[in-house]
Amino acid sequence: MVMSTSQDPFTAPFGTLFGERMTVAHLNEGVYTYSGEASPVENFSLHPATHALHYGSTCFEGLKAHRQVDGSLAIFRLNDHANRMVQSVGKLHMTPPDAEMISTMIIDAVEANASHTPDPPGSLYLRPTLIGTLQNIGAAASPSTSAILYVLTSPVGDYFAGGVRPLTIFIETTTPRTTPQFGMVKSGANYVMALGPTLDAKRDHAADQVLFATGGDITETGASNFFLVDDDRIITRNLDESFLHGVTRASIITLATDLGYEIEERSVPVDELVAWAEHGEAFLSGTAAVVAPVGRIKLDGHDITVGDGQPGANTLRLREALTAIQVGKNPDPHGWLTAVSS
Ligand SMILES: *Cc1c(COP(=O)(O)O)cnc(C)c1O
């Protein structure tokens with residue numbers, strides 16, 4: 001087991017340090033039981049027939065607790081993440097936990113690891129996870145009726161150590177990121193599906209990430225949503241079942257509206273992105289990286305610079321608007337923060 005206390009989250013790679021305590025609940029016969037207390041992070045004992053290992057009955061969430069400028073601690077958009085986890089579990093056809101129980105387990109996990117929360121731009125990254133534990137390799141066509149739900153914590157530094165670096169993205173127009181029935185499930189299955197195209201793009205095009213645009217319409221990258229922005233408007237794909245509805249995405253849309261940008265939620269053809277690159281900005285959004293500027297696009301053998309290739313003013317403005325609320329530097333008019341004791 002890796003302990004976090006002695007290592008520096010600002011130098012360790014993202015996600016490699018863990019808090020010392022976690023919260024755990026068990027699903028049996030349709031009922032989740034949670035003791036109401038955090039316990040030491042330790043290995044689970046899993047039967048080799050465990051359903052999640054064979055038939056993919058697993059999903060997770062990713063959210064953060066931030067040290068506030070006044071020294072207190074707060075979780076960003078707790079309820080939205082808990083609700084999305086309920087949705088993911090439902091789409092795996094397992095008994096979903098109550099969103100309230102998930103929220104309580106997250107709060108308890110944060111409080112138990114409060115002293116390991118790095119100061120901004122670091123944070124305590126929170127990873128609620130569910131694994132189906134039914135011991136039955138014959139259950140390929142039925143859901144797991146038992147499960148472990150747990151909340152692991154990870155002290156993290158700045159995702160972009162050394163400053164916000166513009167990303168190079170490869171546009172994949174043939175292979176989809178996922179299947180229609182899994183677009184809105186936050187699950188490892190989607191990540192492993194995106195892995196092949198991502199490794200190819202890294203090797204063949206020196207890309208950081210793949211933007212999936214099956215049939216010419218942009219959806220998202222392997223783990224983040226996609227935006228176009230200029231001085232007047234922001235554009236992102238409208239919500240449908242084909243992609244994960246990011247909480248960061250929703251936050252950006254709300255903040256951009258507050259700042260007076262016009263919002264366009266609609267389909268975004270790749271051709272429009274190419275034309276947009278001549279004058280506008282593009283960025284990715286997600287909990288881990290917050291807002292990540294796109295500097296270059298690789299498409300059909302072309303190498304396209306977005307704007308001047310550097311992080312744009314509007315992108316940085318939106319990023320700052322979001323992080324200022326997360327750490328309590330600006331007021332929280334939308335009620336996104338949940339205070340926890342530290
Ligand atoms: C988690 C995730 C995102 C980003 O969601 P946030 O709630 O903003 O962190 C986007 N796409 C996929 C596929 C994801 O798994």
# chains A, B, ... in the order shown; residues from 1 in each chain; ligands from 1
$ closest_atom_pairs --of "chain A" --to "ligand 1" --cutoff "8 Å" --atoms "only C-alpha atoms and all ligand atoms" --output "CSV"
residue,atom,partner,partner_atom_place_in_ligand_line,distance
A:Glu61,CA,ligand 1,1 (C),6.9
A:Gly62,CA,ligand 1,9 (O),6.0
A:Leu63,CA,ligand 1,9 (O),6.7
A:His81,CA,ligand 1,7 (O),7.1
A:Gly183,CA,ligand 1,13 (C),7.6
A:Met184,CA,ligand 1,13 (C),7.9
A:Val185,CA,ligand 1,15 (O),7.7
A:Lys186,CA,ligand 1,15 (O),4.9
A:Ser187,CA,ligand 1,15 (O),6.9
A:Asn190,CA,ligand 1,13 (C),7.0
A:Tyr191,CA,ligand 1,13 (C),7.3
A:Glu220,CA,ligand 1,11 (N),6.5
A:Thr221,CA,ligand 1,11 (N),6.7
A:Gly222,CA,ligand 1,13 (C),5.3
A:Ala223,CA,ligand 1,12 (C),3.7
A:Ser224,CA,ligand 1,10 (C),3.5
A:Asn225,CA,ligand 1,10 (C),5.0
A:Phe243,CA,ligand 1,13 (C),6.6
A:Leu244,CA,ligand 1,11 (N),4.7
A:His245,CA,ligand 1,5 (O),6.4
A:Gly246,CA,ligand 1,5 (O),3.4
A:Val247,CA,ligand 1,7 (O),3.6
A:Thr248,CA,ligand 1,8 (O),3.6
A:Arg249,CA,ligand 1,8 (O),5.6
A:Ala250,CA,ligand 1,8 (O),7.8
A:Ser285,CA,ligand 1,8 (O),5.9
A:Gly286,CA,ligand 1,8 (O),3.5
A:Thr287,CA,ligand 1,9 (O),3.7
A:Ala288,CA,ligand 1,9 (O),6.6
A:Val290,CA,ligand 1,8 (O),7.5
$ residues_around --residues "Met101 of chain A" --least-positions-apart "2" --cutoff "12 Å" --atoms "only C-alpha atoms" --output "VMD selection string"
chain A and resid 23 to 26 31 to 36 78 to 79 82 to 83 85 to 86 96 to 99 103 to 108 128 149 to 151
$ write_last_selection --atoms "N, CA, C and O atoms" --output "tab-separated table (two decimals), in the first residue's frame"
chain	number	residue	atom	x	y	z
A	23	THR	N	-13.91	5.06	2.72
A	23	THR	CA	-15.22	4.62	3.19
A	23	THR	C	-15.70	3.49	2.28
A	23	THR	O	-15.44	3.50	1.07
A	24	VAL	N	-16.40	2.53	2.86
A	24	VAL	CA	-16.80	1.32	2.13
A	24	VAL	C	-18.24	0.95	2.49
A	24	VAL	O	-18.62	0.99	3.67
A	25	ALA	N	-19.02	0.60	1.48
A	25	ALA	CA	-20.37	0.06	1.71
A	25	ALA	C	-20.50	-1.25	0.93
A	25	ALA	O	-19.79	-1.45	-0.06
A	26	HIS	N	-21.38	-2.11	1.38
A	26	HIS	CA	-21.58	-3.39	0.70
A	26	HIS	C	-23.04	-3.53	0.28
A	26	HIS	O	-23.95	-3.22	1.06
A	31	VAL	N	-29.70	-4.35	-0.66
A	31	VAL	CA	-29.53	-3.29	0.34
A	31	VAL	C	-28.05	-2.93	0.50
A	31	VAL	O	-27.20	-3.83	0.64
A	32	TYR	N	-27.78	-1.63	0.48
A	32	TYR	CA	-26.42	-1.16	0.75
A	32	TYR	C	-26.26	-0.94	2.25
A	32	TYR	O	-27.11	-0.31	2.88
A	33	THR	N	-25.17	-1.43	2.81
A	33	THR	CA	-24.88	-1.21	4.22
A	33	THR	C	-23.56	-0.45	4.34
A	33	THR	O	-22.54	-0.90	3.82
A	34	TYR	N	-23.63	0.70	5.00
A	34	TYR	CA	-22.43	1.51	5.22
A	34	TYR	C	-22.29	1.74	6.72
A	34	TYR	O	-23.23	2.16	7.38
A	35	SER	N	-21.10	1.45	7.25
A	35	SER	CA	-20.89	1.53	8.70
A	35	SER	C	-20.97	2.95	9.23
A	35	SER	O	-21.18	3.16	10.42
A	36	GLY	N	-20.76	3.94	8.34
A	36	GLY	CA	-20.79	5.32	8.79
A	36	GLY	C	-19.43	5.83	9.24
A	36	GLY	O	-19.32	6.93	9.76
A	78	LEU	N	-20.72	18.18	-5.30
A	78	LEU	CA	-20.89	16.84	-4.72
A	78	LEU	C	-22.15	16.14	-5.24
A	78	LEU	O	-22.11	14.99	-5.68
A	79	ASN	N	-23.29	16.83	-5.16
A	79	ASN	CA	-24.55	16.17	-5.52
A	79	ASN	C	-24.61	15.76	-6.99
A	79	ASN	O	-25.16	14.72	-7.33
A	82	ALA	N	-22.62	12.59	-7.29
A	82	ALA	CA	-23.33	11.45	-6.68
A	82	ALA	C	-24.47	11.00	-7.60
A	82	ALA	O	-24.67	9.80	-7.83
A	83	ASN	N	-25.19	11.99	-8.15
A	83	ASN	CA	-26.31	11.64	-9.04
A	83	ASN	C	-25.82	10.94	-10.31
A	83	ASN	O	-26.47	10.02	-10.82
A	85	MET	N	-23.22	9.08	-10.53
A	85	MET	CA	-22.84	7.71	-10.18
A	85	MET	C	-24.08	6.81	-10.11
A	85	MET	O	-24.06	5.67	-10.59
A	86	VAL	N	-25.15	7.34	-9.54
A	86	VAL	CA	-26.41	6.58	-9.51
A	86	VAL	C	-26.82	6.21	-10.94
A	86	VAL	O	-27.21	5.07	-11.22
A	96	PRO	N	-28.86	0.68	-7.80
A	96	PRO	CA	-28.09	1.89	-7.51
A	96	PRO	C	-28.16	2.25	-6.03
A	96	PRO	O	-29.20	2.08	-5.40
A	97	PRO	N	-27.06	2.74	-5.46
A	97	PRO	CA	-27.10	3.27	-4.11
A	97	PRO	C	-27.87	4.59	-4.11
A	97	PRO	O	-28.01	5.21	-5.15
A	98	ASP	N	-28.37	5.02	-2.96
A	98	ASP	CA	-28.97	6.36	-2.87
A	98	ASP	C	-27.88	7.40	-3.08
A	98	ASP	O	-26.78	7.26	-2.53
A	99	ALA	N	-28.22	8.45	-3.81
A	99	ALA	CA	-27.25	9.54	-3.99
A	99	ALA	C	-26.82	10.09	-2.64
A	99	ALA	O	-25.66	10.47	-2.44
A	103	SER	N	-23.06	10.58	-1.20
A	103	SER	CA	-22.58	11.89	-0.73
A	103	SER	C	-22.02	11.80	0.68
A	103	SER	O	-20.95	12.36	0.98
A	104	THR	N	-22.73	11.09	1.55
A	104	THR	CA	-22.26	10.94	2.93
A	104	THR	C	-20.92	10.21	2.96
A	104	THR	O	-19.99	10.61	3.69
A	105	MET	N	-20.80	9.16	2.15
A	105	MET	CA	-19.52	8.42	2.12
A	105	MET	C	-18.38	9.29	1.60
A	105	MET	O	-17.24	9.17	2.07
A	106	ILE	N	-18.69	10.16	0.65
A	106	ILE	CA	-17.65	11.06	0.10
A	106	ILE	C	-17.23	12.07	1.17
A	106	ILE	O	-16.04	12.30	1.41
A	107	ILE	N	-18.23	12.66	1.84
A	107	ILE	CA	-17.92	13.64	2.89
A	107	ILE	C	-17.08	12.99	3.99
A	107	ILE	O	-16.06	13.54	4.44
A	108	ASP	N	-17.48	11.79	4.40
A	108	ASP	CA	-16.74	11.10	5.47
A	108	ASP	C	-15.30	10.79	5.04
A	108	ASP	O	-14.36	10.90	5.84
A	128	PRO	N	-14.95	7.76	-5.93
A	128	PRO	CA	-15.96	6.74	-5.59
A	128	PRO	C	-15.95	5.65	-6.66
A	128	PRO	O	-15.87	5.96	-7.85
A	149	LEU	N	-18.98	-0.75	-2.74
A	149	LEU	CA	-18.90	0.67	-3.12
A	149	LEU	C	-17.89	1.30	-2.18
A	149	LEU	O	-18.00	1.13	-0.96
A	150	TYR	N	-16.90	1.99	-2.71
A	150	TYR	CA	-15.91	2.61	-1.83
A	150	TYR	C	-15.48	3.97	-2.36
A	150	TYR	O	-15.64	4.26	-3.54
A	151	VAL	N	-14.97	4.79	-1.45
A	151	VAL	CA	-14.47	6.11	-1.83
A	151	VAL	C	-13.01	6.21	-1.44
A	151	VAL	O	-12.66	6.24	-0.25
$ residues_around --residues "Pro269 of chain A" --least-positions-apart "2" --cutoff "9 Å" --atoms "only C-alpha atoms" --output "list in words"
Ala213, Gly216, Asp217, Ile218, Ser267, Asp271, Glu272 and Leu273 of chain A
$ write_last_selection --atoms "N, CA and C atoms" --output "short mmCIF file (atom, residue, chain, number, x, y, z; two decimals), in the first residue's frame"
data_model
loop_
_atom_site.label_atom_id
_atom_site.label_comp_id
_atom_site.auth_asym_id
_atom_site.auth_seq_id
_atom_site.Cartn_x
_atom_site.Cartn_y
_atom_site.Cartn_z
N ALA A 213 -14.69 12.02 -33.30
CA ALA A 213 -15.66 12.73 -34.14
C ALA A 213 -16.16 11.75 -35.19
N GLY A 216 -17.69 12.54 -38.53
CA GLY A 216 -17.47 13.97 -38.77
C GLY A 216 -18.07 14.90 -37.74
N ASP A 217 -18.78 14.35 -36.73
CA ASP A 217 -19.36 15.18 -35.67
C ASP A 217 -18.60 14.96 -34.37
N ILE A 218 -18.16 16.04 -33.74
CA ILE A 218 -17.35 15.93 -32.53
C ILE A 218 -18.18 15.45 -31.34
N SER A 267 -24.60 20.25 -32.62
CA SER A 267 -23.56 19.40 -33.21
C SER A 267 -22.45 20.28 -33.77
N ASP A 271 -15.28 20.12 -39.81
CA ASP A 271 -14.96 21.23 -40.72
C ASP A 271 -15.04 22.58 -40.03
N GLU A 272 -16.01 22.69 -39.13
CA GLU A 272 -16.17 23.96 -38.40
C GLU A 272 -14.97 24.18 -37.48
N LEU A 273 -14.51 23.09 -36.85
CA LEU A 273 -13.35 23.21 -35.98
C LEU A 273 -12.13 23.70 -36.76
#
$ closest_residue --among "A:Val268, A:Phe60, A:His54, A:Asp70" --to "Arg84 of chain A" --atoms "only C-alpha atoms"
A:Phe60
$ residues_around --residues "Thr168 of chain A" --least-positions-apart "6" --cutoff "6 Å" --atoms "only C-alpha atoms" --output "tab-separated table (two decimals) with all heavy atoms, in the first residue's frame"
chain	number	residue	atom	x	y	z
A	207	ALA	N	0.39	13.11	-30.66
A	207	ALA	CA	-0.77	13.77	-30.05
A	207	ALA	C	-0.83	13.44	-28.55
A	207	ALA	O	-0.36	12.39	-28.12
A	207	ALA	CB	-2.05	13.31	-30.73
A	208	ASP	N	-1.42	14.36	-27.77
A	208	ASP	CA	-1.64	14.10	-26.35
A	208	ASP	C	-2.93	13.32	-26.14
A	208	ASP	O	-3.04	12.51	-25.23
A	208	ASP	CB	-1.75	15.42	-25.58
A	208	ASP	CG	-0.49	16.25	-25.68
A	208	ASP	OD1	0.55	15.77	-25.19
A	208	ASP	OD2	-0.53	17.35	-26.25
A	295	GLY	N	-3.73	23.49	-28.52
A	295	GLY	CA	-2.87	24.35	-29.33
A	295	GLY	C	-2.73	23.87	-30.77
A	295	GLY	O	-2.53	24.67	-31.67
A	296	ARG	N	-2.88	22.54	-30.97
A	296	ARG	CA	-2.71	21.99	-32.32
A	296	ARG	C	-3.67	20.85	-32.57
A	296	ARG	O	-4.01	20.10	-31.67
A	296	ARG	CB	-1.29	21.45	-32.49
A	296	ARG	CG	-0.28	22.54	-32.81
A	296	ARG	CD	1.12	22.04	-32.60
A	296	ARG	NE	1.58	21.19	-33.69
A	296	ARG	CZ	2.72	20.51	-33.66
A	296	ARG	NH1	3.49	20.56	-32.58
A	296	ARG	NH2	3.09	19.78	-34.68
A	297	ILE	N	-4.07	20.74	-33.82
A	297	ILE	CA	-4.98	19.68	-34.25
A	297	ILE	C	-4.32	18.88	-35.36
A	297	ILE	O	-3.78	19.46	-36.30
A	297	ILE	CB	-6.29	20.29	-34.78
A	297	ILE	CG1	-7.02	21.02	-33.66
A	297	ILE	CG2	-7.18	19.22	-35.39
A	297	ILE	CD1	-8.09	21.95	-34.19
$ closest_atom_pairs --of "segment 191-270 of chain A" --to "segment 321-331 of chain A" --cutoff "9 Å" --atoms "only C-alpha atoms" --output "Markdown table"
| residue | atom | partner | partner_atom | distance |
| --- | --- | --- | --- | --- |
| A:Thr248 | CA | A:Leu322 | CA | 8.7 |
| A:Ser251 | CA | A:Leu322 | CA | 7.5 |
| A:Ile252 | CA | A:Leu322 | CA | 7.3 |
| A:Leu255 | CA | A:Ala321 | CA | 7.2 |
| A:Ala256 | CA | A:Ala321 | CA | 8.9 |
$ closest_residue --among "A:Thr338, A:Thr153, A:Thr198, A:Thr129" --to "Ala114 of chain A" --atoms "only C-alpha atoms"
A:Thr153
$ select_by_dssp --residues "segment 55-256 of chain A" --states "strand (DSSP E)" --output "VMD selection string"
chain A and resid 58 to 60 63 to 67 73 to 76 123 to 132 147 to 156 167 to 172 209 to 212 225 to 229 233 to 236
$ select_by_dssp --residues "segment 123-242 of chain A" --states "helix (DSSP H, G or I)" --output "short mmCIF file (atom, residue, chain, number, x, y, z; two decimals) with N, CA, C and O atoms, in the first residue's frame"
data_model
loop_
_atom_site.label_atom_id
_atom_site.label_comp_id
_atom_site.auth_asym_id
_atom_site.auth_seq_id
_atom_site.Cartn_x
_atom_site.Cartn_y
_atom_site.Cartn_z
N PRO A 180 -23.23 3.18 -28.26
CA PRO A 180 -24.36 4.04 -27.87
C PRO A 180 -24.87 3.77 -26.45
O PRO A 180 -25.15 4.70 -25.70
N GLN A 181 -24.94 2.51 -26.04
CA GLN A 181 -25.54 2.22 -24.72
C GLN A 181 -24.59 2.53 -23.55
O GLN A 181 -25.01 2.51 -22.40
N PHE A 182 -23.33 2.86 -23.84
CA PHE A 182 -22.37 3.13 -22.76
C PHE A 182 -21.86 4.57 -22.75
O PHE A 182 -21.00 4.91 -21.93
N GLY A 188 -14.64 2.03 -16.66
CA GLY A 188 -13.36 1.64 -17.23
C GLY A 188 -13.47 1.06 -18.63
O GLY A 188 -12.55 1.20 -19.44
N ALA A 189 -14.59 0.42 -18.93
CA ALA A 189 -14.76 -0.17 -20.27
C ALA A 189 -14.57 0.88 -21.35
O ALA A 189 -13.96 0.63 -22.39
N ASN A 190 -15.08 2.09 -21.10
CA ASN A 190 -14.93 3.16 -22.09
C ASN A 190 -13.48 3.59 -22.24
O ASN A 190 -13.04 3.96 -23.33
N TYR A 191 -12.76 3.56 -21.16
CA TYR A 191 -11.36 4.00 -21.20
C TYR A 191 -10.50 3.01 -21.98
O TYR A 191 -9.65 3.39 -22.78
N VAL A 192 -10.74 1.73 -21.74
CA VAL A 192 -9.92 0.74 -22.44
C VAL A 192 -10.28 0.71 -23.93
O VAL A 192 -9.44 0.44 -24.78
N MET A 193 -11.52 1.05 -24.24
CA MET A 193 -11.92 1.14 -25.66
C MET A 193 -11.22 2.29 -26.37
O MET A 193 -10.91 2.21 -27.55
N ALA A 194 -11.00 3.39 -25.63
CA ALA A 194 -10.35 4.57 -26.23
C ALA A 194 -8.83 4.41 -26.27
O ALA A 194 -8.14 5.20 -26.92
N LEU A 195 -8.33 3.39 -25.58
CA LEU A 195 -6.88 3.27 -25.41
C LEU A 195 -6.13 3.01 -26.72
O LEU A 195 -5.11 3.66 -27.00
N GLY A 196 -6.65 2.09 -27.54
CA GLY A 196 -5.97 1.75 -28.80
C GLY A 196 -5.79 2.98 -29.69
O GLY A 196 -4.66 3.34 -30.05
N PRO A 197 -6.91 3.68 -30.01
CA PRO A 197 -6.77 4.89 -30.83
C PRO A 197 -5.86 5.94 -30.18
O PRO A 197 -5.13 6.64 -30.87
N THR A 198 -5.88 6.02 -28.84
CA THR A 198 -5.06 7.03 -28.16
C THR A 198 -3.58 6.68 -28.27
O THR A 198 -2.75 7.55 -28.57
N LEU A 199 -3.24 5.41 -28.06
CA LEU A 199 -1.84 5.00 -28.18
C LEU A 199 -1.35 5.19 -29.62
O LEU A 199 -0.22 5.64 -29.85
N ASP A 200 -2.19 4.85 -30.58
CA ASP A 200 -1.82 5.05 -32.00
C ASP A 200 -1.54 6.52 -32.28
O ASP A 200 -0.57 6.86 -32.95
N ALA A 201 -2.43 7.38 -31.76
CA ALA A 201 -2.29 8.83 -32.04
C ALA A 201 -1.04 9.40 -31.37
O ALA A 201 -0.39 10.29 -31.92
N LYS A 202 -0.71 8.87 -30.20
CA LYS A 202 0.51 9.33 -29.52
C LYS A 202 1.73 8.94 -30.35
O LYS A 202 2.64 9.72 -30.56
N ARG A 203 1.72 7.68 -30.81
CA ARG A 203 2.88 7.17 -31.53
C ARG A 203 2.99 7.78 -32.93
O ARG A 203 4.05 8.23 -33.34
N ASP A 204 1.89 7.81 -33.66
CA ASP A 204 1.95 8.20 -35.07
C ASP A 204 1.84 9.70 -35.30
O ASP A 204 2.23 10.21 -36.35
N HIS A 205 1.24 10.43 -34.35
CA HIS A 205 0.98 11.86 -34.59
C HIS A 205 1.48 12.75 -33.47
O HIS A 205 1.14 13.93 -33.42
N THR A 214 -16.78 10.70 -34.72
CA THR A 214 -17.23 9.62 -35.61
C THR A 214 -18.20 10.18 -36.64
O THR A 214 -19.17 10.85 -36.27
N GLY A 215 -17.92 9.91 -37.90
CA GLY A 215 -18.80 10.40 -38.96
C GLY A 215 -18.69 11.91 -39.16
O GLY A 215 -19.52 12.51 -39.84
N GLY A 216 -17.69 12.54 -38.53
CA GLY A 216 -17.47 13.97 -38.77
C GLY A 216 -18.07 14.90 -37.74
O GLY A 216 -17.92 16.12 -37.82
#
$ closest_residue --among "A:Glu320, A:Asp303, A:Asp8, A:Glu264" --to "Val229 of chain A" --atoms "only C-alpha atoms"
A:Glu264
$ residues_around --residues "His66 of chain A" --least-positions-apart "6" --cutoff "9 Å" --atoms "only C-alpha atoms" --output "list in words"
Ser72, Leu73, Ala74, Ile75, Phe76, Thr117, Pro118, Asp119, Pro120, Pro121, Gly122, Ser123, Leu124, Tyr125, Gln326, Val327 and Gly328 of chain A
$ closest_residue --among "A:Pro333, A:Gly19, A:Phe14, A:Pro311" --to "Ala161 of chain A" --atoms "only C-alpha atoms"
A:Phe14
